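Engineer: Take this structure first; my questions come after.
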Amino acid sequence: MFNFKHEWIEKNVGLMLIATMIAISIGGLVEIAPLFFIKETVEKVDGVRPYTPLESRGRDIYVREGCYLCHSQMIRPFRDEALRYGHYSLAAESKYDHPFQWGSKRTGPDLARVGNKYSNDWHVQHLIDPKSMVPPSVMPRYPWLMTTALDYSDMAERLMALRQVGVPYSLTQGEYDRNVKDFGAEVAQTLHIPDAQKNLIAQAQAGNFDGDRSNVSEMDAVVAYLQVLGTMVDFSKYDNDEFVKFR
Amino acid sequence: MSQQKPQTVQTTGHVWDEDLQEYNNPLPSWWLMGFYASVIMSIIYWMIYPAWPVGKNFTTGFSTVTYVNDKGAEKSSHWNTRAQLMKDMNDAEKMQKPYFDKVTATPFEQIAKDPELTAFVNSAGKAIFADNCAPCHQAGGQGKIGFFPNLTDDDWLYGGSHDKIQESISKGRMGYMPAFKEVLNNEQLDNLANYVASLSGEKADSAKVKAGDALFHGAAAACYYCHDNSGKGRQIIGSANLTDKIWLWADVPAQENAEKKIEVIRQVIANGLSRGVMPSWDERLKPEQVKLLTAYVHGLGGGSK
């Protein structure tokens with residue numbers, strides 16, 4: 001008969017390591033795995049769309065500079081957060097984020113609904129020198145965003161990568177038509193991979209996010225990204241308890 | 001104690017380094033009781049709150065939350081954080097409602113005369129101001145020269161009455177001045193800058209002032225069109241008063257000599273402005289919060305009638 005002894009695990013570091021990993025992963029899996037199957041995890045809501053090429057590059061820079069280390073993008077359903085940041089974040093609002101930027105630490109404020117809250121001008125000056133706008137701030141300066149031209153030569157490839165993981169950027173006419181149906185013609189145009197560079201330049205010109213139309217800087221991209229955060233869903237269209245039923 | 005009866009305790013049977021053994025002492029009963037109690041607690045917890053996934057659904061538990069939504073409908077839901085938030089907001093609103101109702105019902109002039117209401121405006125207003133306004137207008141409302149106007153002085157671009165402040169907050173503002181380098185040459189820009197400096201008593205070249213005066217009131221630059229013949233600006237379109245010593249875009253006070261003061265003015269005339277954007281707060285704040293904020297901003301010191 002098989003006779004189990006503690007001693008085997010206690011005397012064998014390799015076995016100990018494997019057993020520990022199994023025990024921990026069970027803890028994680030029972031919490032996470034069901035969310036993929038429960039039908040109400042991602043709310044049904046209008047307005048959420050993939051990022052435009054310019055916003056997407058802004059997001060890349062957000063990740064590159066490690067903004068997520070100090071800023072979360074996850075407003076929790078608590079009264080103090082609702083009063084300060086606005087409506088709690090929906091799972092649906094980050095369904096096109098790869099990887100998501102929920103974060104786990106707030107040295108700075110949550111940014112999930114920072115879009116349209118401040119002017120472009122504020123963001124530009126604040127990123128160049130945060131202390132000049134918010135004296136007690138401990139945020140570092142990012143002046144190079146303003147002076148570095150945005151590299152968008154590989155824009156199509158970046159969108160292709162996101163398309164691989166399920167973000168509905170369109171490559172074919174069929175996919176484009178599907179996007180027109182899902183998001184409307186205006187949005188569908190910005191999601192068309194063959195036009196990615198053209199769309200990026202057009203949005204930077206029209207939005208003039210960094211106050212300088214002569215070139216497309218990294219600042220243009222970051223501010224375009226920040227200004228769209230949390231603005232896709234029009235909550236005024238819903239009762240304020242609309243999303244209770246999804247939990 | 002264990003030293004007195006070592007023989008009665010069994011060992012685990014593990015032997016290390018030839019003679020190193022481990023006693024197999026039973027866990028203390030207080031610890032075991034705590035352990036079993038926590039197991040029982042977790043079962044009770046599963047029954048009360050959402051817990052176990054079942055296929056595409058989950059067990060919701062028998063605890064419920066009752067709240068009122070923004071349409072006034074009373075609803076009940078199994079306990080979850082979103083429903084609990086609704087209830088928390090309901091409770092807090094209920095507590096603040098008498099005050100907000102009073103703010104909504106009371107004309108601005110009366111609010112200032114009511115000490116209790118003023119105290120509420122100052123404490124609640126400070127919190128709303130800190131969350132939403134302070135990033136630009138700074139914690140005390142002092143603004144930032146070159147970026148955002150001072151709210152504590154008596155100089156107002158769009159007017160400092162309660163109604164005008166309320167309008168600015170709820171609808172937002174969009175300041176704009178064209179870039180005059182596209183229609184004027186360097187000499188003309190220089191003349192205009194001298195004239196504008198002279199309007200508020202800064203040192204300027206009198207010949208250039210005279211030429212700038214003609215440009216200001218003439219057809220080529222037509223500054224008077226927005227800034228008024230007097231140079232005092234028009235609050236209806238938010239054009240600046242150029243005759244006082246208060247500056248927003250050109251940081252004149254910080255410049256060390258007259259030449260540099262005129263240069264910063266020239267820069268603004270040449271490049272124009274499209275940065276004076278104040279967002280609209282209608283979507284983020286409730287009407288009663290905007291009214292309260294209006295009373296707060298008016299009370300910062302610079303409000304007018």
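Identifiers in this document derive from the order of the structure tokens: chains are assigned A, B, ..., residues are numbered from 1 separately in each chain, and ligands are numbered from 1 in order of occurrence.
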When you get a sec, could you note down which chain B residues fall within 9 Å of chain A, using only C-alpha atoms, as a PDB file with C-alpha atoms, in the first residue's frame?

Structural biologist:
```pdb
ATOM      1  CA  HIS B  14      11.226  12.003  11.313  1.00  0.00           C
ATOM      2  CA  TRP B  52     -19.832  29.925  -5.496  1.00  0.00           C
ATOM      3  CA  PRO B  53     -19.885  29.814  -9.282  1.00  0.00           C
ATOM      4  CA  VAL B  54     -22.499  27.455 -10.692  1.00  0.00           C
ATOM      5  CA  GLY B  55     -22.189  27.095 -14.462  1.00  0.00           C
ATOM      6  CA  LYS B  56     -22.891  30.505 -15.982  1.00  0.00           C
ATOM      7  CA  ASN B  57     -24.320  31.856 -12.741  1.00  0.00           C
ATOM      8  CA  PHE B  58     -23.352  31.945  -9.115  1.00  0.00           C
ATOM      9  CA  VAL B  68     -33.486  54.063  -4.547  1.00  0.00           C
ATOM     10  CA  ASN B  69     -32.155  54.834  -8.023  1.00  0.00           C
ATOM     11  CA  ASP B  70     -31.999  58.234  -9.747  1.00  0.00           C
ATOM     12  CA  LYS B  71     -35.448  57.688 -11.254  1.00  0.00           C
ATOM     13  CA  SER B  77     -30.907  43.253  -5.075  1.00  0.00           C
ATOM     14  CA  HIS B  78     -28.855  40.414  -3.661  1.00  0.00           C
ATOM     15  CA  TRP B  79     -25.941  41.905  -1.770  1.00  0.00           C
ATOM     16  CA  ASN B  80     -23.118  43.140  -3.986  1.00  0.00           C
ATOM     17  CA  THR B  81     -20.743  46.087  -3.841  1.00  0.00           C
ATOM     18  CA  ARG B  82     -22.542  48.017  -6.589  1.00  0.00           C
ATOM     19  CA  ALA B  83     -25.910  47.760  -4.824  1.00  0.00           C
ATOM     20  CA  GLN B  84     -24.242  48.602  -1.517  1.00  0.00           C
ATOM     21  CA  LEU B  85     -22.723  51.708  -3.166  1.00  0.00           C
ATOM     22  CA  MET B  86     -26.205  52.795  -4.250  1.00  0.00           C
ATOM     23  CA  ASP B  88     -24.317  54.312   0.715  1.00  0.00           C
ATOM     24  CA  MET B  89     -24.935  57.149  -1.747  1.00  0.00           C
ATOM     25  CA  ALA B  92     -25.179  60.223   2.412  1.00  0.00           C
ATOM     26  CA  ILE B 128     -15.504  69.854  -4.580  1.00  0.00           C
ATOM     27  CA  ASP B 131     -11.173  67.533  -6.542  1.00  0.00           C
ATOM     28  CA  ASN B 132     -12.168  69.407  -9.662  1.00  0.00           C
ATOM     29  CA  ALA B 134      -7.593  73.048  -7.882  1.00  0.00           C
ATOM     30  CA  PRO B 135      -5.465  71.222 -10.478  1.00  0.00           C
ATOM     31  CA  CYS B 136      -5.746  74.327 -12.681  1.00  0.00           C
ATOM     32  CA  HIS B 137      -6.832  77.203 -10.460  1.00  0.00           C
ATOM     33  CA  GLN B 138      -4.629  75.924  -7.590  1.00  0.00           C
ATOM     34  CA  ALA B 139      -5.659  75.002  -4.071  1.00  0.00           C
ATOM     35  CA  LYS B 144      -1.302  80.380 -12.382  1.00  0.00           C
ATOM     36  CA  PHE B 147      -2.128  79.307 -17.720  1.00  0.00           C
ATOM     37  CA  SER B 274      -6.083  79.049 -28.237  1.00  0.00           C
ATOM     38  CA  ARG B 275      -5.250  77.552 -24.877  1.00  0.00           C
ATOM     39  CA  GLY B 276      -7.762  79.279 -22.636  1.00  0.00           C
ATOM     40  CA  VAL B 277      -9.980  76.233 -22.281  1.00  0.00           C
ATOM     41  CA  MET B 278     -12.176  75.648 -19.270  1.00  0.00           C
ATOM     42  CA  PRO B 279     -14.055  72.330 -19.513  1.00  0.00           C
ATOM     43  CA  SER B 280     -17.801  72.153 -19.021  1.00  0.00           C
ATOM     44  CA  TRP B 281     -18.723  70.709 -15.619  1.00  0.00           C
ATOM     45  CA  GLU B 283     -21.718  66.398 -17.012  1.00  0.00           C
ATOM     46  CA  ARG B 284     -19.580  65.789 -13.952  1.00  0.00           C
TER      47      ARG B 284
END
```

Engineer: Could you pull out the residues in stretch 100-303 of chain B that DSSP calls alpha helix (DSSP H) from the backbone, as a PyMOL selection string?

Structural biologist: chain B and resi 100-105+108-113+115-132+134-137+162-171+186-199+206-217+224-227+258-271+287-298

Engineer: From stretch 142-226 of chain A, collect each residue whose DSSP state is strand (DSSP E or B) and return the set as a list of chain:residue names.

Structural biologist: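 So the strand (DSSP E or B) residues in stretch 142-226 of chain A would be A:Ala149, A:Ser170, A:His192, A:Ser217.
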
Engineer: Could you pull the residues within 9 Å of B:Gln289, counting only C-alpha atoms, minus those fewer than 5 positions along the same chain, as an MDAnalysis selection string?

Structural biologist: chainID B and resid 100 124:125 128 294

Engineer: Store the residues picked out above in a file with N, CA and C atoms, as a tab-separated table (two decimals), in the first residue's frame.

Structural biologist:
```
chain	number	residue	atom	x	y	z
B	100	PHE	N	-28.30	70.83	0.86
B	100	PHE	CA	-28.31	71.11	-0.58
B	100	PHE	C	-29.64	71.72	-1.01
B	124	ALA	N	-18.16	71.99	2.12
B	124	ALA	CA	-18.45	71.12	0.97
B	124	ALA	C	-17.82	71.70	-0.29
B	125	GLY	N	-17.84	73.02	-0.42
B	125	GLY	CA	-17.26	73.67	-1.59
B	125	GLY	C	-15.77	73.44	-1.68
B	128	ILE	N	-15.20	69.93	-3.14
B	128	ILE	CA	-15.50	69.85	-4.58
B	128	ILE	C	-14.46	70.65	-5.37
B	294	THR	N	-20.36	77.70	-7.15
B	294	THR	CA	-20.45	79.11	-7.54
B	294	THR	C	-20.37	80.00	-6.31
```

Engineer: Pick out the residues sitting within 9 Å of A:Arg49, and hand them over as a PyMOL selection string; count only C-alpha atoms, and ignore anything fewer than 4 positions along from it in its own chain.

Structural biologist: chain A and resi 93+95-96+168+183+187+232

Engineer: Save out the residues we just selected, C-alpha atoms, as an mmCIF file, in the first residue's frame.

Structural biologist:
```cif
data_model
loop_
_atom_site.group_PDB
_atom_site.id
_atom_site.type_symbol
_atom_site.label_atom_id
_atom_site.label_comp_id
_atom_site.auth_asym_id
_atom_site.auth_seq_id
_atom_site.Cartn_x
_atom_site.Cartn_y
_atom_site.Cartn_z
ATOM 1 C CA GLU A 93 -14.594 49.629 -20.446
ATOM 2 C CA LYS A 95 -12.369 44.893 -22.764
ATOM 3 C CA TYR A 96 -10.094 46.119 -25.584
ATOM 4 C CA PRO A 168 -11.560 44.274 -33.809
ATOM 5 C CA PHE A 183 -19.295 51.059 -34.091
ATOM 6 C CA VAL A 187 -15.264 54.983 -35.663
ATOM 7 C CA MET A 232 -16.500 56.248 -24.120
#
```

Engineer: B:Lys181: which residues within 10 Å, counting only C-alpha atoms, same-chain residues fewer than 5 positions away excluded, as a tab-separated table (two decimals) with C-alpha atoms, in the first residue's frame?

Structural biologist:
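The result, written out as around-v9.tsv:
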```tsv
chain	number	residue	atom	x	y	z
B	186	ASN	CA	7.58	92.94	-36.77
B	188	GLN	CA	3.81	96.81	-36.12
B	189	LEU	CA	3.89	94.06	-33.49
B	266	ARG	CA	4.63	91.00	-28.10
B	267	GLN	CA	4.81	87.20	-27.96
B	268	VAL	CA	1.13	86.92	-27.03
B	269	ILE	CA	0.07	89.35	-29.76
B	270	ALA	CA	2.20	87.57	-32.35
B	271	ASN	CA	1.24	83.98	-31.50
B	272	GLY	CA	-2.32	84.48	-30.35
```

Engineer: Determine, counting only C-alpha atoms, which protein, DNA and RNA residues have an atom within 10 Å of an atom of B:Ser200; residues of the same chain fewer than 6 positions away are not included. Present the result as a ChimeraX atom specification.

Structural biologist: /B:231,241-246

Engineer: Nearest to A:Gln205: which of A:Asp46, A:Glu65, A:Asp220, A:Glu81 is it, counting only C-alpha atoms?

Structural biologist: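 That would be A:Asp220, the residue with the smallest distance to A:Gln205.
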
Engineer: So that I can check the surroundings of B:Cys223, please list as a VMD selection string every protein, DNA and RNA residue that reaches within 12 Å of it, counting only C-alpha atoms and ignoring chain neighbours fewer than 3 positions away.

Structural biologist: chain B and resid 177 to 180 189 192 to 193 195 to 196 212 to 220 226 to 234 239 to 242 269

Engineer: By how many Å are atom CA of A:Val42 and atom CA of A:Leu90 apart?

Structural biologist: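 Result for atom CA of A:Val42 versus atom CA of A:Leu90: 7.6 Å, one decimal.
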